[in-house]
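Text of the file entry-v1.pdb, holding PDB, C-alpha atoms:
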```pdb
ATOM      1  CA  MET W  30      -9.653  35.365  -9.542
ATOM      2  CA  GLU W  31      -6.670  33.822 -11.308
ATOM      3  CA  ASN W  32      -6.355  30.062 -11.197
ATOM      4  CA  ASN W  33      -3.144  28.352 -10.174
ATOM      5  CA  GLU W  34      -1.955  27.801 -13.744
ATOM      6  CA  SER W  35      -2.445  31.390 -14.908
ATOM      7  CA  SER W  36      -0.753  32.673 -11.754
ATOM      8  CA  ALA W  37       2.230  30.333 -12.278
ATOM      9  CA  ARG W  38       2.477  31.357 -15.945
ATOM     10  CA  LYS W  39       2.390  35.041 -15.029
ATOM     11  CA  ASP W  40       5.204  34.590 -12.502
ATOM     12  CA  MET W  41       7.313  32.711 -15.063
ATOM     13  CA  ILE W  42       6.696  35.320 -17.769
ATOM     14  CA  GLU W  43       7.790  38.079 -15.390
ATOM     15  CA  SER W  44      10.931  36.119 -14.512
ATOM     16  CA  ILE W  45      11.835  35.559 -18.181
ATOM     17  CA  MET W  46      11.194  39.189 -19.048
ATOM     18  CA  THR W  47      13.510  40.243 -16.216
ATOM     19  CA  ARG W  48      16.234  37.872 -17.459
ATOM     20  CA  LEU W  49      15.929  39.433 -20.933
ATOM     21  CA  GLY W  50      16.555  42.882 -19.407
ATOM     22  CA  GLY W  51      12.974  44.047 -19.675
ATOM     23  CA  ASP W  52      13.208  46.266 -16.595
ATOM     24  CA  THR W  53      16.050  48.270 -18.148
ATOM     25  CA  ILE W  54      15.808  48.035 -21.940
ATOM     26  CA  ASP W  55      13.049  47.625 -24.487
ATOM     27  CA  VAL W  56      12.571  43.949 -25.332
ATOM     28  CA  GLU W  57      10.949  43.250 -28.697
ATOM     29  CA  LEU W  58       8.687  40.576 -27.241
ATOM     30  CA  ASP W  59       5.231  40.761 -25.737
ATOM     31  CA  TYR W  60       3.737  38.574 -23.028
ATOM     32  CA  HIS W  61       1.839  36.481 -25.589
ATOM     33  CA  GLN W  62       5.086  35.478 -27.325
ATOM     34  CA  ILE W  63       6.767  34.570 -24.031
ATOM     35  CA  ASP W  64       3.705  32.532 -23.050
ATOM     36  CA  LYS W  65       4.036  30.660 -26.349
ATOM     37  CA  CYS W  66       7.677  29.916 -25.514
ATOM     38  CA  ILE W  67       6.543  28.428 -22.206
ATOM     39  CA  ASP W  68       4.144  26.191 -24.152
ATOM     40  CA  LEU W  69       7.079  25.031 -26.310
ATOM     41  CA  GLY W  70       8.988  24.120 -23.155
ATOM     42  CA  LEU W  71       6.020  22.141 -21.862
ATOM     43  CA  ARG W  72       5.669  20.311 -25.189
ATOM     44  CA  LYS W  73       9.363  19.427 -25.245
ATOM     45  CA  LEU W  74       9.154  18.081 -21.702
ATOM     46  CA  LYS W  75       6.036  16.097 -22.587
ATOM     47  CA  GLN W  76       7.667  14.660 -25.708
ATOM     48  CA  MET W  77      10.967  13.571 -24.179
ATOM     49  CA  GLY W  78      10.814  13.876 -20.408
ATOM     50  CA  ASP W  79       9.338  11.581 -17.772
ATOM     51  CA  ALA W  80       8.810  14.522 -15.436
ATOM     52  CA  PHE W  81       5.528  15.323 -17.229
ATOM     53  CA  ILE W  82       3.808  12.177 -15.961
ATOM     54  CA  GLU W  83       3.279  10.578 -12.575
ATOM     55  CA  GLU W  84       2.203   7.179 -11.360
ATOM     56  CA  SER W  85      -1.333   7.206 -10.029
ATOM     57  CA  MET W  86      -4.042   4.909  -8.697
ATOM     58  CA  VAL W  87      -7.410   5.846 -10.215
ATOM     59  CA  LEU W  88     -10.748   4.515  -8.987
ATOM     60  CA  LEU W  89     -13.405   3.746 -11.603
ATOM     61  CA  THR W  90     -17.020   2.713 -10.970
ATOM     62  CA  LEU W  91     -18.307   0.062 -13.374
ATOM     63  CA  LYS W  92     -21.834   0.016 -14.788
ATOM     64  CA  LYS W  93     -23.827  -3.105 -15.547
ATOM     65  CA  ASP W  94     -23.335  -4.416 -19.108
ATOM     66  CA  GLN W  95     -21.081  -1.478 -19.993
ATOM     67  CA  LYS W  96     -17.667  -2.530 -21.315
ATOM     68  CA  GLU W  97     -16.415   0.766 -22.778
ATOM     69  CA  TYR W  98     -15.422   3.805 -20.735
ATOM     70  CA  ILE W  99     -13.937   7.163 -21.769
ATOM     71  CA  LEU W 100     -11.286   8.148 -19.229
ATOM     72  CA  PRO W 101     -10.078  11.715 -18.565
ATOM     73  CA  ASN W 102      -7.555  13.159 -21.030
ATOM     74  CA  GLU W 103      -4.776  13.312 -18.465
ATOM     75  CA  ILE W 104      -4.594   9.503 -18.212
ATOM     76  CA  VAL W 105      -1.723   8.468 -20.484
ATOM     77  CA  GLU W 106      -1.520   4.726 -19.907
ATOM     78  CA  VAL W 107      -3.309   2.045 -17.890
ATOM     79  CA  MET W 108      -0.897  -0.600 -16.659
ATOM     80  CA  GLN W 109      -3.148  -2.939 -14.683
ATOM     81  CA  ILE W 110      -6.676  -3.247 -13.304
ATOM     82  CA  TYR W 111      -7.232  -4.482  -9.770
ATOM     83  CA  ARG W 112     -10.481  -5.644  -8.215
ATOM     84  CA  LYS W 113     -11.076  -5.277  -4.525
ATOM     85  CA  GLY W 114     -12.462  -8.780  -4.194
ATOM     86  CA  TYR W 115     -11.586 -12.218  -5.533
ATOM     87  CA  GLY W 116     -14.060 -12.319  -8.399
ATOM     88  CA  ARG W 117     -17.793 -12.964  -8.751
ATOM     89  CA  ALA W 118     -18.123 -16.255  -6.897
ATOM     90  CA  PHE W 119     -17.293 -15.158  -3.354
ATOM     91  CA  GLY W 120     -20.564 -13.889  -1.927
ATOM     92  CA  SER W 121     -23.226 -11.637  -3.364
ATOM     93  CA  ASP W 122     -20.837  -8.691  -3.674
ATOM     94  CA  GLY W 123     -17.982 -10.647  -5.259
ATOM     95  CA  GLY W 124     -15.939 -10.444  -2.089
ATOM     96  CA  GLN W 125     -15.512  -6.688  -2.450
ATOM     97  CA  ASN W 126     -16.095  -6.022   1.228
ATOM     98  CA  MET W 127     -13.577  -8.592   2.432
ATOM     99  CA  ASP W 128     -10.875  -6.888   4.477
ATOM    100  CA  PRO W 129      -7.595  -8.805   3.911
ATOM    101  CA  PHE W 130      -6.090  -7.580   7.179
ATOM    102  CA  SER W 131      -9.068  -8.674   9.263
ATOM    103  CA  PHE W 132      -9.122 -11.914   7.309
ATOM    104  CA  HIS W 133      -5.470 -12.439   8.170
ATOM    105  CA  TRP W 134      -6.371 -12.309  11.873
ATOM    106  CA  TYR W 135      -9.218 -14.741  11.268
ATOM    107  CA  THR W 136      -6.943 -17.296   9.598
ATOM    108  CA  LEU W 137      -4.414 -16.978  12.415
ATOM    109  CA  MET W 138      -7.170 -17.669  14.924
ATOM    110  CA  ALA W 139      -8.694 -20.462  12.847
ATOM    111  CA  GLY W 140      -5.870 -22.851  13.679
ATOM    112  CA  GLY W 141      -6.799 -23.133  17.349
ATOM    113  CA  ASN W 142      -8.307 -21.480  20.379
ATOM    114  CA  ILE W 143      -6.836 -18.369  21.948
ATOM    115  CA  ASN W 144      -7.932 -19.578  25.399
ATOM    116  CA  ASP W 145      -5.683 -22.634  25.358
ATOM    117  CA  GLY W 146      -2.804 -20.887  23.549
ATOM    118  CA  ARG W 147      -3.211 -22.782  20.261
ATOM    119  CA  LEU W 148      -3.247 -20.349  17.342
ATOM    120  CA  GLY W 149      -2.825 -20.518  13.604
ATOM    121  CA  ASN W 150       0.253 -19.087  11.925
ATOM    122  CA  VAL W 151       1.390 -17.038   8.971
ATOM    123  CA  VAL W 152       1.730 -20.201   6.884
ATOM    124  CA  SER W 153      -2.018 -20.806   7.288
ATOM    125  CA  PHE W 154      -2.746 -17.372   5.900
ATOM    126  CA  GLU W 155      -0.255 -17.774   3.043
ATOM    127  CA  LEU W 156      -1.713 -21.115   1.945
ATOM    128  CA  TYR W 157      -5.282 -19.861   2.111
ATOM    129  CA  HIS W 158      -4.343 -16.652   0.301
ATOM    130  CA  ASP W 159      -2.775 -18.692  -2.541
ATOM    131  CA  TYR W 160      -5.956 -20.732  -2.683
ATOM    132  CA  LEU W 161      -8.049 -17.571  -3.033
ATOM    133  CA  LYS W 162      -5.768 -16.262  -5.781
ATOM    134  CA  THR W 163      -6.119 -19.514  -7.704
ATOM    135  CA  MET W 164      -9.896 -19.378  -7.340
ATOM    136  CA  GLY W 165      -9.824 -15.718  -8.319
ATOM    137  CA  LYS W 166      -8.141 -16.526 -11.615
ATOM    138  CA  GLN W 167     -10.989 -18.909 -12.365
ATOM    139  CA  MET W 168     -13.776 -16.623 -11.153
ATOM    140  CA  GLY W 169     -12.822 -13.307 -12.749
ATOM    141  CA  MET W 170     -10.503 -11.649 -10.250
ATOM    142  CA  TYR W 171      -8.299 -10.292 -13.049
ATOM    143  CA  LEU W 172      -9.755  -8.153 -15.846
ATOM    144  CA  ASN W 173      -8.343  -8.131 -19.361
ATOM    145  CA  PHE W 174      -8.585  -4.768 -21.090
ATOM    146  CA  THR W 175      -7.330  -2.505 -23.874
ATOM    147  CA  TYR W 176      -6.675   1.238 -23.607
ATOM    148  CA  ASN W 177      -6.225   3.711 -26.461
ATOM    149  CA  GLU W 178      -4.100   6.690 -25.444
ATOM    150  CA  ASN W 179      -5.391   8.884 -28.287
ATOM    151  CA  THR W 180      -9.129   8.296 -27.810
ATOM    152  CA  HIS W 181      -8.817   7.614 -24.030
ATOM    153  CA  LYS W 182     -11.154   4.657 -24.452
ATOM    154  CA  LEU W 183     -10.898   1.785 -21.972
ATOM    155  CA  VAL W 184     -12.479  -1.476 -23.136
ATOM    156  CA  ILE W 185     -12.922  -4.258 -20.582
ATOM    157  CA  ALA W 186     -13.046  -7.789 -21.949
ATOM    158  CA  GLU W 187     -15.473  -8.980 -19.287
ATOM    159  CA  ASN W 188     -19.049  -7.762 -19.335
ATOM    160  CA  PRO W 189     -19.836  -6.273 -15.859
ATOM    161  CA  ARG W 190     -22.649  -8.222 -14.216
ATOM    162  CA  ALA W 191     -23.699  -5.579 -11.672
ATOM    163  CA  ASP W 192     -23.676  -1.840 -11.044
ATOM    164  CA  ASN W 193     -21.284   0.164  -8.875
ATOM    165  CA  GLU W 194     -18.366  -2.239  -8.623
ATOM    166  CA  VAL W 195     -15.289  -0.089  -7.958
ATOM    167  CA  ILE W 196     -12.044  -1.113  -9.656
ATOM    168  CA  LEU W 197      -8.546   0.321  -9.309
ATOM    169  CA  LEU W 198      -6.605   1.450 -12.382
ATOM    170  CA  HIS W 199      -2.832   1.438 -12.008
ATOM    171  CA  SER W 200      -2.090   4.307 -14.379
ATOM    172  CA  PHE W 201       0.325   6.933 -15.567
ATOM    173  CA  VAL W 202      -1.233  10.411 -15.809
ATOM    174  CA  ASP W 203      -0.146  13.875 -16.925
ATOM    175  CA  ARG W 204       0.784  16.127 -14.050
ATOM    176  CA  PRO W 205      -1.151  19.423 -13.761
ATOM    177  CA  ILE W 206       0.599  22.243 -15.640
ATOM    178  CA  ALA W 207       0.411  24.524 -12.608
ATOM    179  CA  GLU W 208       2.259  21.888 -10.594
ATOM    180  CA  LEU W 209       4.931  21.507 -13.293
ATOM    181  CA  LEU W 210       5.518  25.248 -13.570
ATOM    182  CA  LYS W 211       6.057  25.486  -9.814
ATOM    183  CA  ASP W 212       8.087  22.291  -9.502
ATOM    184  CA  ARG W 213      11.576  22.964  -8.122
ATOM    185  CA  TYR W 214      13.169  20.798 -10.850
ATOM    186  CA  ALA W 215      10.855  20.790 -13.871
ATOM    187  CA  GLY W 216       9.789  24.425 -13.405
ATOM    188  CA  LEU W 217      13.327  25.746 -13.729
ATOM    189  CA  TRP W 218      13.970  23.577 -16.790
ATOM    190  CA  ILE W 219      10.777  24.831 -18.477
ATOM    191  CA  GLU W 220      11.709  28.444 -17.718
ATOM    192  CA  ASN W 221      15.213  27.978 -19.144
ATOM    193  CA  TRP W 222      13.813  26.361 -22.300
ATOM    194  CA  ALA W 223      11.309  29.203 -22.730
ATOM    195  CA  TYR W 224      14.147  31.701 -22.194
ATOM    196  CA  MET W 225      16.142  29.948 -24.920
ATOM    197  CA  GLU W 226      13.181  30.146 -27.313
ATOM    198  CA  CYS W 227      12.865  33.866 -26.540
ATOM    199  CA  LEU W 228      16.545  34.389 -27.394
ATOM    200  CA  GLN W 229      15.992  32.735 -30.792
ATOM    201  CA  ILE W 230      12.996  34.955 -31.534
ATOM    202  CA  LEU W 231      14.922  38.073 -30.536
ATOM    203  CA  ALA W 232      17.824  37.000 -32.741
ATOM    204  CA  LYS W 233      15.496  36.766 -35.754
ATOM    205  CA  ILE W 234      13.915  40.136 -35.010
ATOM    206  CA  ARG W 235      17.181  41.995 -34.463
ATOM    207  CA  GLY W 236      18.871  40.284 -37.406
ATOM    208  CA  ARG W 237      16.517  42.125 -39.759
ATOM    209  CA  PHE W 238      17.924  45.488 -38.676
ATOM    210  CA  LYS W 239      21.614  44.641 -39.219
ATOM    211  CA  GLY W 240      23.369  47.025 -41.535
ATOM    212  CA  LEU W 241      20.655  49.692 -41.577
ATOM    213  CA  PRO W 242      21.940  53.282 -41.664
ATOM    214  CA  GLY W 243      21.635  55.336 -38.496
ATOM    215  CA  PRO W 244      22.361  58.880 -37.322
ATOM    216  CA  ILE W 245      25.926  57.953 -36.340
ATOM    217  CA  GLY W 246      26.592  55.230 -38.895
ATOM    218  CA  SER W 247      25.212  51.774 -39.578
ATOM    219  CA  ILE W 248      23.265  50.057 -36.818
ATOM    220  CA  SER W 249      24.955  47.108 -35.149
ATOM    221  CA  SER W 250      22.912  44.163 -33.907
ATOM    222  CA  ASP W 251      23.578  41.480 -31.301
ATOM    223  CA  ASP W 252      21.664  38.785 -33.192
ATOM    224  CA  SER W 253      24.796  36.643 -33.639
ATOM    225  CA  GLU W 254      25.476  36.701 -29.897
ATOM    226  CA  LEU W 255      21.867  35.819 -29.156
ATOM    227  CA  LYS W 256      21.954  32.887 -31.585
ATOM    228  CA  ALA W 257      25.174  31.568 -30.055
ATOM    229  CA  GLU W 258      23.791  31.874 -26.514
ATOM    230  CA  ALA W 259      20.537  30.164 -27.513
ATOM    231  CA  LYS W 260      22.407  27.311 -29.226
ATOM    232  CA  GLU W 261      24.657  26.714 -26.213
ATOM    233  CA  LEU W 262      21.700  26.826 -23.811
ATOM    234  CA  ARG W 263      19.669  24.445 -25.997
ATOM    235  CA  GLU W 264      22.462  21.869 -26.011
ATOM    236  CA  GLN W 265      22.791  22.125 -22.249
ATOM    237  CA  LEU W 266      19.035  21.737 -21.697
ATOM    238  CA  GLU W 267      18.869  18.699 -23.980
ATOM    239  CA  LYS W 268      21.675  17.097 -21.976
ATOM    240  CA  GLU W 269      19.750  17.802 -18.772
ATOM    241  CA  LEU W 270      16.657  16.231 -20.304
ATOM    242  CA  LYS W 271      18.521  13.044 -21.195
ATOM    243  CA  ALA W 272      19.998  12.971 -17.687
ATOM    244  CA  MET W 273      16.437  13.353 -16.272
ATOM    245  CA  VAL W 274      17.392  16.494 -14.361
ATOM    246  CA  PRO W 275      13.795  17.861 -14.604
ATOM    247  CA  MET W 276      12.513  14.805 -12.713
ATOM    248  CA  GLY W 277      14.392  15.261  -9.470
ATOM    249  CA  ASN W 278      12.585  13.106  -6.899
ATOM    250  CA  SER W 279       9.119  14.476  -7.595
ATOM    251  CA  ILE W 280       7.189  11.172  -7.862
ATOM    252  CA  VAL W 281       3.671  11.765  -6.591
ATOM    253  CA  TYR W 282       0.967   9.213  -5.865
ATOM    254  CA  ASN W 283      -2.638  10.204  -5.706
ATOM    255  CA  MET W 284      -5.984   8.493  -5.917
ATOM    256  CA  PRO W 285      -8.699  10.482  -7.726
ATOM    257  CA  PHE W 286     -12.185   8.974  -7.925
ATOM    258  CA  LEU W 287     -14.018   8.653 -11.236
ATOM    259  CA  GLY W 288     -17.690   7.884 -11.504
TER
END
```
Now, as a test, write the supplied structure out as structure tokens.
Amino acid sequence: MENNESSARKDMIESIMTRLGGDTIDVELDYHQIDKCIDLGLRKLKQMGDAFIEESMVLLTLKKDQKEYILPNEIVEVMQIYRKGYGRAFGSDGGQNMDPFSFHWYTLMAGGNINDGRLGNVVSFELYHDYLKTMGKQMGMYLNFTYNENTHKLVIAENPRADNEVILLHSFVDRPIAELLKDRYAGLWIENWAYMECLQILAKIRGRFKGLPGPIGSISSDDSELKAEAKELREQLEKELKAMVPMGNSIVYNMPFLG
């Protein structure tokens, strides 16, 4: 059974072949060459376009005394690490199981008794929350780290003291290729770029046969027209890339779990 990426590639190759006139005339390209042109479109989008990446929240499970972790290849950059609790000093689990919303209700109730109508207020929660943040800075709530995009190695400055603490990585990750190829904005841009690359290859192939003798005179070639069309299309696609046309509004948030 074909996976989503191979199915999306096949559909795009068929579309490009149709645009080249493959249903009517012989096109001097095979499916492997068109697939390579699609790869060139993906590389160009990855090099210069923000549509190739998405913002994501990734969960990572820490191991005791392990500071280095190899993250999946699709993670491009780690912006920030968040802990669920307020550090190591708030209970045996570091405050990981503290629910801030339930705690908000507790602080509202702590200012009085619901039976006599005397309750706390939002200011009580805000002051206590600031107190916890200050304590968290002292007790390890925030983790310093380094991340190497090439080796995908995450190094945490703090040495984890216990197993199975779950942290949240605010990251930017590569979008799946199958999703990009089917995207209503990026997919069309990739197809147009691949089509442009195909025109350039055809121009080179047909340019070799210009001026050859034929049964009714010398053979004419449309390589010049193909080069001109490819050049015009390339300039247009580069303008679209700078204007972030491939991005559209396709910002996706997900939360995969690692560990």
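As for CA of Glu220 in chain W and CA of Ile104 in chain W, they are spaced 25.0 Å apart.
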Subject >> Distance query Asn177 in chain W at most 12 Å, all atoms listed in the file, self and fewer than 3 positions along chain excluded, as a list in words >> reply: Glu97, Tyr98, Ile99, Leu100, Pro101, Asn102, Ile104, Val105, Glu106, Val107, Met108, Phe174, Thr180, His181, Lys182, Leu183, Val184 and Ile185 of chain W
Nearest residue to Asn193 in chain W out of W:Cys66, W:Leu89, W:Asp52, W:Leu71, using only C-alpha atoms?
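Distance minimum relative to Asn193 in chain W lands on W:Leu89.
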Computed gap from CA of His199 in chain W to CA of Asp79 in chain W is 16.9 Å
Starting from the PyMOL selection byres ((chain W and resi 234) around 12), expand the selection into actual residues of this file and give them as a PDB file with C-alpha atoms, in the coordinates of the input.
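Output file result08.pdb is given in full below:
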```pdb
ATOM      1  CA  VAL W  56      12.571  43.949 -25.332  1.00  0.00           C
ATOM      2  CA  GLU W  57      10.949  43.250 -28.697  1.00  0.00           C
ATOM      3  CA  LEU W  58       8.687  40.576 -27.241  1.00  0.00           C
ATOM      4  CA  CYS W 227      12.865  33.866 -26.540  1.00  0.00           C
ATOM      5  CA  LEU W 228      16.545  34.389 -27.394  1.00  0.00           C
ATOM      6  CA  GLN W 229      15.992  32.735 -30.792  1.00  0.00           C
ATOM      7  CA  ILE W 230      12.996  34.955 -31.534  1.00  0.00           C
ATOM      8  CA  LEU W 231      14.922  38.073 -30.536  1.00  0.00           C
ATOM      9  CA  ALA W 232      17.824  37.000 -32.741  1.00  0.00           C
ATOM     10  CA  LYS W 233      15.496  36.766 -35.754  1.00  0.00           C
ATOM     11  CA  ARG W 235      17.181  41.995 -34.463  1.00  0.00           C
ATOM     12  CA  GLY W 236      18.871  40.284 -37.406  1.00  0.00           C
ATOM     13  CA  ARG W 237      16.517  42.125 -39.759  1.00  0.00           C
ATOM     14  CA  PHE W 238      17.924  45.488 -38.676  1.00  0.00           C
ATOM     15  CA  LYS W 239      21.614  44.641 -39.219  1.00  0.00           C
ATOM     16  CA  SER W 250      22.912  44.163 -33.907  1.00  0.00           C
ATOM     17  CA  ASP W 251      23.578  41.480 -31.301  1.00  0.00           C
ATOM     18  CA  ASP W 252      21.664  38.785 -33.192  1.00  0.00           C
ATOM     19  CA  SER W 253      24.796  36.643 -33.639  1.00  0.00           C
ATOM     20  CA  LEU W 255      21.867  35.819 -29.156  1.00  0.00           C
ATOM     21  CA  LYS W 256      21.954  32.887 -31.585  1.00  0.00           C
TER      22      LYS W 256
END
```
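The smallest atom-to-atom distance between Thr175 in chain W and any of W:Val195, W:Leu209, W:Ile110, W:Leu161, using all atoms listed in the file, is found for W:Ile110.
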Will you model all heavy atoms for range 213-223 of chain W and pass it back as a PDB file, keeping the file's coordinate frame?
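Final file, out-v4.pdb:
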```
ATOM      1  N   ARG W 213      10.223  22.439  -8.345  1.00  0.00           N
ATOM      2  CA  ARG W 213      11.576  22.964  -8.122  1.00  0.00           C
ATOM      3  C   ARG W 213      12.564  22.486  -9.176  1.00  0.00           C
ATOM      4  O   ARG W 213      13.588  23.140  -9.413  1.00  0.00           O
ATOM      5  CB  ARG W 213      12.065  22.564  -6.732  1.00  0.00           C
ATOM      6  CG  ARG W 213      12.284  21.068  -6.542  1.00  0.00           C
ATOM      7  CD  ARG W 213      12.853  20.778  -5.163  1.00  0.00           C
ATOM      8  NE  ARG W 213      11.888  21.123  -4.119  1.00  0.00           N
ATOM      9  CZ  ARG W 213      12.173  21.091  -2.814  1.00  0.00           C
ATOM     10  NH1 ARG W 213      13.378  20.737  -2.416  1.00  0.00           N
ATOM     11  NH2 ARG W 213      11.253  21.392  -1.939  1.00  0.00           N
ATOM     12  N   TYR W 214      12.279  21.328  -9.816  1.00  0.00           N
ATOM     13  CA  TYR W 214      13.169  20.798 -10.850  1.00  0.00           C
ATOM     14  C   TYR W 214      12.624  21.095 -12.248  1.00  0.00           C
ATOM     15  O   TYR W 214      13.295  21.739 -13.056  1.00  0.00           O
ATOM     16  CB  TYR W 214      13.351  19.293 -10.672  1.00  0.00           C
ATOM     17  CG  TYR W 214      13.817  18.897  -9.292  1.00  0.00           C
ATOM     18  CD1 TYR W 214      12.939  18.291  -8.393  1.00  0.00           C
ATOM     19  CD2 TYR W 214      15.124  19.132  -8.878  1.00  0.00           C
ATOM     20  CE1 TYR W 214      13.355  17.919  -7.121  1.00  0.00           C
ATOM     21  CE2 TYR W 214      15.551  18.763  -7.605  1.00  0.00           C
ATOM     22  CZ  TYR W 214      14.665  18.166  -6.731  1.00  0.00           C
ATOM     23  OH  TYR W 214      15.074  17.807  -5.488  1.00  0.00           O
ATOM     24  N   ALA W 215      11.432  20.627 -12.537  1.00  0.00           N
ATOM     25  CA  ALA W 215      10.855  20.790 -13.871  1.00  0.00           C
ATOM     26  C   ALA W 215      10.563  22.251 -14.178  1.00  0.00           C
ATOM     27  O   ALA W 215      10.723  22.697 -15.321  1.00  0.00           O
ATOM     28  CB  ALA W 215       9.576  19.964 -13.994  1.00  0.00           C
ATOM     29  N   GLY W 216      10.131  23.025 -13.173  1.00  0.00           N
ATOM     30  CA  GLY W 216       9.789  24.425 -13.405  1.00  0.00           C
ATOM     31  C   GLY W 216      10.979  25.231 -13.894  1.00  0.00           C
ATOM     32  O   GLY W 216      10.859  26.038 -14.825  1.00  0.00           O
ATOM     33  N   LEU W 217      12.137  25.015 -13.294  1.00  0.00           N
ATOM     34  CA  LEU W 217      13.327  25.746 -13.729  1.00  0.00           C
ATOM     35  C   LEU W 217      13.740  25.331 -15.130  1.00  0.00           C
ATOM     36  O   LEU W 217      14.153  26.178 -15.942  1.00  0.00           O
ATOM     37  CB  LEU W 217      14.469  25.486 -12.742  1.00  0.00           C
ATOM     38  CG  LEU W 217      15.803  26.168 -13.066  1.00  0.00           C
ATOM     39  CD1 LEU W 217      15.635  27.679 -13.141  1.00  0.00           C
ATOM     40  CD2 LEU W 217      16.863  25.791 -12.028  1.00  0.00           C
ATOM     41  N   TRP W 218      13.611  24.036 -15.447  1.00  0.00           N
ATOM     42  CA  TRP W 218      13.970  23.577 -16.790  1.00  0.00           C
ATOM     43  C   TRP W 218      13.044  24.207 -17.821  1.00  0.00           C
ATOM     44  O   TRP W 218      13.492  24.651 -18.883  1.00  0.00           O
ATOM     45  CB  TRP W 218      13.900  22.062 -16.871  1.00  0.00           C
ATOM     46  CG  TRP W 218      14.446  21.511 -18.147  1.00  0.00           C
ATOM     47  CD1 TRP W 218      15.717  21.107 -18.405  1.00  0.00           C
ATOM     48  CD2 TRP W 218      13.719  21.349 -19.381  1.00  0.00           C
ATOM     49  NE1 TRP W 218      15.833  20.692 -19.711  1.00  0.00           N
ATOM     50  CE2 TRP W 218      14.630  20.834 -20.335  1.00  0.00           C
ATOM     51  CE3 TRP W 218      12.409  21.586 -19.754  1.00  0.00           C
ATOM     52  CZ2 TRP W 218      14.250  20.554 -21.642  1.00  0.00           C
ATOM     53  CZ3 TRP W 218      12.027  21.315 -21.074  1.00  0.00           C
ATOM     54  CH2 TRP W 218      12.940  20.798 -21.992  1.00  0.00           C
ATOM     55  N   ILE W 219      11.742  24.240 -17.541  1.00  0.00           N
ATOM     56  CA  ILE W 219      10.777  24.831 -18.477  1.00  0.00           C
ATOM     57  C   ILE W 219      11.078  26.315 -18.683  1.00  0.00           C
ATOM     58  O   ILE W 219      11.039  26.827 -19.808  1.00  0.00           O
ATOM     59  CB  ILE W 219       9.339  24.637 -17.955  1.00  0.00           C
ATOM     60  CG1 ILE W 219       8.977  23.149 -17.941  1.00  0.00           C
ATOM     61  CG2 ILE W 219       8.341  25.415 -18.804  1.00  0.00           C
ATOM     62  CD1 ILE W 219       7.696  22.842 -17.201  1.00  0.00           C
ATOM     63  N   GLU W 220      11.387  27.016 -17.598  1.00  0.00           N
ATOM     64  CA  GLU W 220      11.709  28.444 -17.718  1.00  0.00           C
ATOM     65  C   GLU W 220      12.956  28.657 -18.566  1.00  0.00           C
ATOM     66  O   GLU W 220      12.999  29.553 -19.419  1.00  0.00           O
ATOM     67  CB  GLU W 220      11.902  29.063 -16.336  1.00  0.00           C
ATOM     68  CG  GLU W 220      12.243  30.547 -16.395  1.00  0.00           C
ATOM     69  CD  GLU W 220      12.369  31.185 -15.026  1.00  0.00           C
ATOM     70  OE1 GLU W 220      11.634  30.757 -14.116  1.00  0.00           O
ATOM     71  OE2 GLU W 220      13.204  32.103 -14.879  1.00  0.00           O
ATOM     72  N   ASN W 221      13.987  27.838 -18.356  1.00  0.00           N
ATOM     73  CA  ASN W 221      15.213  27.978 -19.144  1.00  0.00           C
ATOM     74  C   ASN W 221      14.969  27.675 -20.618  1.00  0.00           C
ATOM     75  O   ASN W 221      15.534  28.324 -21.500  1.00  0.00           O
ATOM     76  CB  ASN W 221      16.296  27.047 -18.591  1.00  0.00           C
ATOM     77  CG  ASN W 221      16.868  27.539 -17.277  1.00  0.00           C
ATOM     78  OD1 ASN W 221      16.836  28.740 -16.982  1.00  0.00           O
ATOM     79  ND2 ASN W 221      17.377  26.624 -16.476  1.00  0.00           N
ATOM     80  N   TRP W 222      14.120  26.666 -20.897  1.00  0.00           N
ATOM     81  CA  TRP W 222      13.813  26.361 -22.300  1.00  0.00           C
ATOM     82  C   TRP W 222      13.032  27.509 -22.943  1.00  0.00           C
ATOM     83  O   TRP W 222      13.306  27.899 -24.091  1.00  0.00           O
ATOM     84  CB  TRP W 222      13.026  25.066 -22.401  1.00  0.00           C
ATOM     85  CG  TRP W 222      12.842  24.619 -23.825  1.00  0.00           C
ATOM     86  CD1 TRP W 222      11.858  25.009 -24.697  1.00  0.00           C
ATOM     87  CD2 TRP W 222      13.687  23.727 -24.568  1.00  0.00           C
ATOM     88  NE1 TRP W 222      12.022  24.414 -25.919  1.00  0.00           N
ATOM     89  CE2 TRP W 222      13.141  23.617 -25.873  1.00  0.00           C
ATOM     90  CE3 TRP W 222      14.830  23.004 -24.252  1.00  0.00           C
ATOM     91  CZ2 TRP W 222      13.712  22.824 -26.849  1.00  0.00           C
ATOM     92  CZ3 TRP W 222      15.405  22.209 -25.237  1.00  0.00           C
ATOM     93  CH2 TRP W 222      14.841  22.128 -26.513  1.00  0.00           C
ATOM     94  N   ALA W 223      12.076  28.066 -22.209  1.00  0.00           N
ATOM     95  CA  ALA W 223      11.309  29.203 -22.730  1.00  0.00           C
ATOM     96  C   ALA W 223      12.226  30.403 -22.947  1.00  0.00           C
ATOM     97  O   ALA W 223      12.091  31.135 -23.943  1.00  0.00           O
ATOM     98  CB  ALA W 223      10.179  29.554 -21.760  1.00  0.00           C
TER      99      ALA W 223
END
```
